[in-house]
Every structure is written in structure tokens, then in C-alpha cells.
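Worksheet: one structure, shown below.
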Amino acid sequence: MYPIPLVNLRKYKSMLLYFALINIKIRFKGTKLGVAWTAIEPTLTFVLLFVVFTTIRDQPKENFGVYLLTGVIIYHVFTRGTLGGLTSLRSNYSILESINIQKEFFPVVATLATCILLIVQLAIFFGLMPFFQFIPTWTIILLPIVIGLLMLLILGFSYILSIIHVYVRDIQPLWGITVHALFFITPIIWYVDDIKGNDLGNVLMSLHAVNPIGQIVELAHNIVVFNTIPPLSDWLYTVTFCFAIFLFGYYVFHKFDSKIVEVL
Amino acid sequence: MNQYAIKLENINKSFDIEKSKNKSEFARLFSNKTKLSVLDNISLKIKKGEFIGIIGRNGSGKTTLLRVMSGIYTPDSGRIHIDGVVAPLLHIGTGFHKELNAKENIIMSGLLLGMKKSEIEQKVSDVIRYAELEKYSQMPLKHYSTGMRARLAFSLVLQIDPDILLVDEILSVGDKKFRDKSFKAFLSFKKKNKTVVLVTHNLGNQFLKMVDRAVLMDNGKIVLIGNPDEVVRKYTEYQDNKN
């Protein structure tokens with residue numbers, strides 16, 4: 001029978017949390033501000049972009065601050081999460097070479113660590129809203145679904161990236177550039193409604209359609225900033241997309257995971 | 001009841017080796033690889049409570065065999081049966097994280113070796129005391145010496161009390177006092193009817209005196225299995241002939 005993702009990790013249930021906390025500890029080891037960076041990094045990015053775009057645009061749209069904040073935080077979680085997942089196998093080489101353990105454990109632990117750090121980022125998210133005199137409406141109750149999809153996507157990418165990183169180290173700088181590109185094709189600093197129509201906009205729209213993180217950000221914008229519930233078809237599209245990446249990631253991971261220790 | 005702790009049947013294992021070293025990293029990805037056979041049709045049965053010593057020259061396949069037994073390497077073909085909880089002690093400071101202190105590392109390794117968190121937390125101070133590292137317990141492991149790390153690894157394994165212990169040379173790095181201590185620990189292991197597989201290329205290793213059977217390996221094959229004195233004598237002759 002073909003193995004199912006996560007099922008084999010049942011026996012490690014009690015360890016996952018401890019390892020995720022250790023993962024966070026190691027991630028920020030040596031920095032003076034430690035875990036506070038999880039808050040500082042997206043906040044500073046947000047402030048920088050906010051200052052730039054409110055200066056160059058004559059009339060920023062209504063609630064531009066919250067719109068930008070939503071995009072920046074989701075993008076930040078995705079970037080940090082996938083980069084953490086990418087190195088998860090190589091950075092645990094000493095464990096892998098000394099004990100027989102399900103290799104899947106490591107990308108899952110990295111994603112769980114990202115999940116825990118999300119608490120900090122959500123605190124900034126809701127903490128900054130009053131500055132823009134913004135009160136979210138009831139549609140925000142759908143936010144947990146969006147977060148769930150985001151985590152599924154991060155785990156899917158972590159599977160793929162971590163196993164590639166074992167064989168080809170170049171994936172690390174390559175992925176760094178890729179997430180840079182993703183920043184521009186994701187509706188963080190632009191609005192989906194604004195780009196429809198012209199040629200360049202059409203190109204951007206077709207890129208947006210195949211950009212999973214862009215789809216997640218768009219759903220979040222709708223429920224947080226625009227107080228609307230996106231049509232069911234939009235939900236289904238994003239859910240299918242994220243699940244497909246998750247399952248494909250696991251498939252690739254499982255196909256190559258038996259040789260990890262030898263290759264490393 | 002199954003009388004064997006470890007049963008290996010026709011184990012083969014080979015590694016991919018690059019044909020040419022001169023190629024760029026990128027070219028190497030797609031280049032043809034040759035197979036280097038490291039374990040060649042190995043069959044071995046180890047009874048419960050048996051103390052086995054595996055000897056052989058560097059590169060004869062001893063460590064690979066131990067890694068196959070512990071499940072870290074998947075063999076290319078053949079069958080493995082393991083009956084009991086296995087604790088591998090393969091490298092110095094195995095599974096330890098150099099940025100973490102002794103306590104954190106004990107909990108992490110203990111969890112990896114299948115203990116419950118509450119169980120390990122109770123044993124942390126015992127492990128540190130046995131390793132004689134009380135003074136250094138708050139220090140990250142990167143500041144530990146090799147011997148200190150080996151002591152920590154060994155005391156941890158003793159506290160876990162596994163059914164099968166796989167040891168790769170690591171005890172030779174401790175000082176005399178610790179070697180005597182671990183010698184006693186091995187004796188008590190033996191009394192408790194535990195299975196131990198010890199790998200060494202050092203014939204002066206005092207642990208060889210404890211061994212029930214010795215296995216001589218060369219070129220990925222088992223050359224001889226039997227009485228330790230006889231195997232050691234053969235190994236010495238063998239090496240002299242080669243020189």
C-alpha cells in the first residue's frame with residue numbers, strides 16, 4: 001500500500017512539539033533579539049513598504065494599511081516557513097546518521113515551528129489594526145481556514161525543497177530568488193482589480209492564477225479587508241491547488257527519502 | 001520465543017561512486033555512477049544475550065553493517081529481522097546538537113530513542129552524574145571535548161536500557177577511568193542478557209575479552225566467525241600477510 005502523509009509520524013506525536021520548540025530555539029540562536037525577530041522582521045518590512053507607497057501614491061485606497069499588512073504577514077510566514085523547511089534535513093544530519101527515524105519528521109517539525117511562530121505574527125496583525133482605525137467584520141472567522149491552507153502549502157513545499165536540498169544545495173539561493181519573484185506576482189503592493197485590462201496586467205493575472213500564495217493572499221484580503229466572502233469556486237480552486245502541492249511534495253519526498261543519509 | 005535478536009539474510013549494499021572527479025557539480029548530477037559494493041551477501045544470526053565483536057580493517061564494511069542493523073541504511077537486497085529495542089552508539093556525540101546543552105540533548109536523544117519525555121526528565125541528572133559532567137551541564141555541547149561527548153552518549157544509552165546495543169569504536173576515546181567504568185557497565189549488560197554488537201579495528205580493545213563470538217570482515221564479506229581468540233589470531237596473520 002502506498003504510504004499516506006503524516007500517518008507514519010503517529011508514534012512521534014509526543015516528540016513533535018519538543019522538537020519544534022528546539023527548532024525555534026536553534027533558528028534564533030546567536031541573535032541578540034532572539035524570537036523577537038519574528039515580530040520585528042515583518043513589522044519593519046510593512047512600515048518600509050507603507051511609507052514608500054503612501055508617499056508615491058497620491059491617494060492611497062481605503063484601508064491600504066491593513067491590505068498591505070495582510071499580504072506582508074502571509075508572505076513573510078510563507079517565506080520563512082519554506083526556507084526553514086528547505087534546510088530541515090541537512091541541518092539535522094547528525095540525527096539522521098545516528099538513528100533510524102522517519103525522514104518526514106524533519107520537514108513536519110519545521111512546519112510546526114512555523115505554526116507556533118504564527119502566534120507572534122497574528123499578535124502583530126491584530127495589534128497594528130487599531131492604528132488604522134480598522135475593525136474587522138464577522139467574515140474574519142474564515143481566517144483559520146486560510147491559515148490552514150497556508151500551512152498545508154508550506155509543508156508541501158518543505159517536502160519538495162528539503163529533499164532537493166539533500167541532492168542539490170543550489171536550491172537554497174535559487175529558492176531565495178524565487179520567493180523574491182513571488183513577492184511581485186502576489187497581490188501585496190497591488191490590487192487584483194487594478195491590473196485587469198491592460199496587456200501587462202493580463203500577464204500578471206495569468207501568473208497570479210497559478211501562484212498558490214497569491215490565491216491565499218487574495219482570499220485573506222477578501223475576508224479581512226473587503227468584508228466579503230469569496231465565491232465557493234475560489235475556495236475550491238485554492239483548496240485543490242494547496243492539496244495538490246502537498247500530495248505532490250510528499251510523493252517526491254517519499255520517492256527519494258531512503259537514500260538521504262548516504263547522499264548527505 | 002524468538003531466540004535471535006538480529007537475523008541478517010543475504011544483505012547487499014552498495015554506494016554510488018562518481019566515475020570522474022574532474023567534472024563540475026552540475027555535470028556530476030547527470031553523470032554515470034559506478035556502484036561500489038560495501039556489503040556483499042552478508043548473513044549473520046546473533047542470539048539474544050550474545051556479545052559479538054566485529055573486527056576488520058578500515059573500509060571493510062563494519063560500520064556500514066552496523067548502520068544497516070540499526071536501520072539507518074536501507075540495504076539494496078536481503079532481509080533483516082530485529083527483535084527488541086535497538087540503541088545505536090555509532091558516532092561520537094551521535095544525534096547531539098552542538099548548540100544545545102547537556103540536558104536538552106539528553107531529552108532530545110532520549111525521545112529519539114523512544115523514551116517518554118517524563119521518563120527522560122527523571123533520568124537527566126543520573127545521566128549527567130554517570131558521565132561526570134555535573135559542572136558542565138549548562139554548557140552548549142560545542143565546548144565539550146570528544147571524550148566528554150562520548151561519555152554523555154554512553155551514559156545516556158545505559159539509562160535507556162535497550163535490548164540491543166550497537167557500538168562503533170566510540171569508547172576508545174574516553175580516558176582510562178571512564179573505560180573501566182564502561183567495562184563494568186558492559187559486564188552488567190551481559191548479566192542482564194542484553195545483546196551487544198561491538199565494532200573495532202583495535203585488537204588491543206579490552207572489550208574484545210568479553211566477546212562471545214568474533215566476526216572478521218574484509219572487503220564487505222564475512223571471512224570468519226568464531227571463537228574470539230582464533231579470529232583475532234587469524235586477523236593478525238591476515239594483516240601480516242598483506243603487508
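We label chains A, B, ... in the order they appear in the C-alpha cells, count residues from 1 in each chain, and number ligands from 1 in the order shown.
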Would you give me, as JSON lines, each residue of chain A having an atom within 7 Å of an atom of chain B, along with its shortest atom pair and that distance in Å to one decimal, using only C-alpha atoms and sorting by chain and residue number?
```
{"residue": "A:Met15", "atom": "CA", "partner": "B:Leu111", "partner_atom": "CA", "distance": 6.4}
{"residue": "A:Ser94", "atom": "CA", "partner": "B:Gly95", "partner_atom": "CA", "distance": 4.9}
{"residue": "A:Ile95", "atom": "CA", "partner": "B:Gly95", "partner_atom": "CA", "distance": 3.9}
{"residue": "A:Glu97", "atom": "CA", "partner": "B:Ile72", "partner_atom": "CA", "distance": 6.6}
{"residue": "A:Ser98", "atom": "CA", "partner": "B:Thr94", "partner_atom": "CA", "distance": 5.4}
{"residue": "A:Ile99", "atom": "CA", "partner": "B:Ile72", "partner_atom": "CA", "distance": 6.0}
{"residue": "A:Asn100", "atom": "CA", "partner": "B:Ile72", "partner_atom": "CA", "distance": 4.7}
{"residue": "A:Ser258", "atom": "CA", "partner": "B:Thr74", "partner_atom": "CA", "distance": 6.7}
```
Keeping only N, CA and C atoms, take the residues you just selected and write them out as a PDB file, in the first residue's frame.
```pdb
ATOM      1  N   MET A  15       6.803  13.789  20.544  1.00  0.00           N
ATOM      2  CA  MET A  15       8.083  14.465  20.361  1.00  0.00           C
ATOM      3  C   MET A  15       7.979  15.715  19.517  1.00  0.00           C
ATOM      4  N   SER A  94      23.194  15.172  11.834  1.00  0.00           N
ATOM      5  CA  SER A  94      23.782  14.389  12.928  1.00  0.00           C
ATOM      6  C   SER A  94      22.754  13.419  13.530  1.00  0.00           C
ATOM      7  N   ILE A  95      21.495  13.792  13.507  1.00  0.00           N
ATOM      8  CA  ILE A  95      20.463  12.873  13.999  1.00  0.00           C
ATOM      9  C   ILE A  95      20.212  11.776  12.969  1.00  0.00           C
ATOM     10  N   GLU A  97      22.111  10.497  10.742  1.00  0.00           N
ATOM     11  CA  GLU A  97      23.155   9.496  10.542  1.00  0.00           C
ATOM     12  C   GLU A  97      23.330   8.600  11.766  1.00  0.00           C
ATOM     13  N   SER A  98      22.656   8.953  12.863  1.00  0.00           N
ATOM     14  CA  SER A  98      22.899   8.152  14.054  1.00  0.00           C
ATOM     15  C   SER A  98      21.680   7.367  14.518  1.00  0.00           C
ATOM     16  N   ILE A  99      20.551   7.611  13.926  1.00  0.00           N
ATOM     17  CA  ILE A  99      19.375   6.892  14.389  1.00  0.00           C
ATOM     18  C   ILE A  99      18.393   6.661  13.245  1.00  0.00           C
ATOM     19  N   ASN A 100      17.649   5.587  13.355  1.00  0.00           N
ATOM     20  CA  ASN A 100      16.656   5.286  12.336  1.00  0.00           C
ATOM     21  C   ASN A 100      15.364   6.012  12.665  1.00  0.00           C
ATOM     22  N   SER A 258      14.845   7.302   0.976  1.00  0.00           N
ATOM     23  CA  SER A 258      15.591   6.184   1.554  1.00  0.00           C
ATOM     24  C   SER A 258      17.108   6.362   1.424  1.00  0.00           C
TER      25      SER A 258
END
```
Selection near Asp229 in chain B, 12 Å with only C-alpha atoms, sequence-local residues under 3 positions removed, as a count of residues only = 20
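Relative to CA of Leu8 in chain B, CA of Gly78 in chain B is found at 7.5 Å.
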Do you know which residues are at most 9 Å from range 64-70 of chain A counting only C-alpha atoms, after dropping those on the same chain fewer than 3 positions away, and could you put them as a VMD selection string?
-> chain A and resid 42 to 43 46 to 47 49 to 50 54 60 to 61 73 to 75 125 128 to 129 132 134 187 to 190 217 220 to 221 224 to 226
Lys47 in chain B environment, 8 Å, only C-alpha atoms, sequence neighbours closer than 6 positions dropped, as a list in words = Gln3, Tyr4, Ala5, Ile6 and Thr195 of chain B
Interatomic distance (Å, one decimal) between CA of Ile56 in chain A and CA of Tyr191 in chain A | 15.7 Å
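In this model, the gap between CA of Asp83 in chain B and CA of Ile101 in chain A comes to 17.1 Å.
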Test item: residues at most 8 Å from Ile245 in chain A, only C-alpha atoms, excluding those fewer than 5 positions along its chain, as a PDB file with N, CA, C and O atoms, in the first residue's frame:
```pdb
ATOM      1  N   LEU A 153       0.330  24.369   2.402  1.00  0.00           N
ATOM      2  CA  LEU A 153       1.183  24.775   1.293  1.00  0.00           C
ATOM      3  C   LEU A 153       2.649  24.790   1.714  1.00  0.00           C
ATOM      4  O   LEU A 153       3.525  24.305   0.998  1.00  0.00           O
ATOM      5  N   GLY A 156       3.897  21.259   2.031  1.00  0.00           N
ATOM      6  CA  GLY A 156       4.091  20.694   0.692  1.00  0.00           C
ATOM      7  C   GLY A 156       5.404  21.151   0.083  1.00  0.00           C
ATOM      8  O   GLY A 156       6.194  20.344  -0.405  1.00  0.00           O
ATOM      9  N   PHE A 157       5.660  22.463   0.158  1.00  0.00           N
ATOM     10  CA  PHE A 157       6.912  22.999  -0.368  1.00  0.00           C
ATOM     11  C   PHE A 157       8.110  22.501   0.448  1.00  0.00           C
ATOM     12  O   PHE A 157       9.173  22.253  -0.104  1.00  0.00           O
TER      13      PHE A 157
END
```
Shell around range 138-150 of chain A at 9 Å using only C-alpha atoms, local window under 6 positions removed, as JSON, numbers by chain = {"A": [74, 77, 78, 213, 216, 217, 219, 220, 222, 223, 224, 225, 227, 228, 229, 238, 239, 242, 243]}
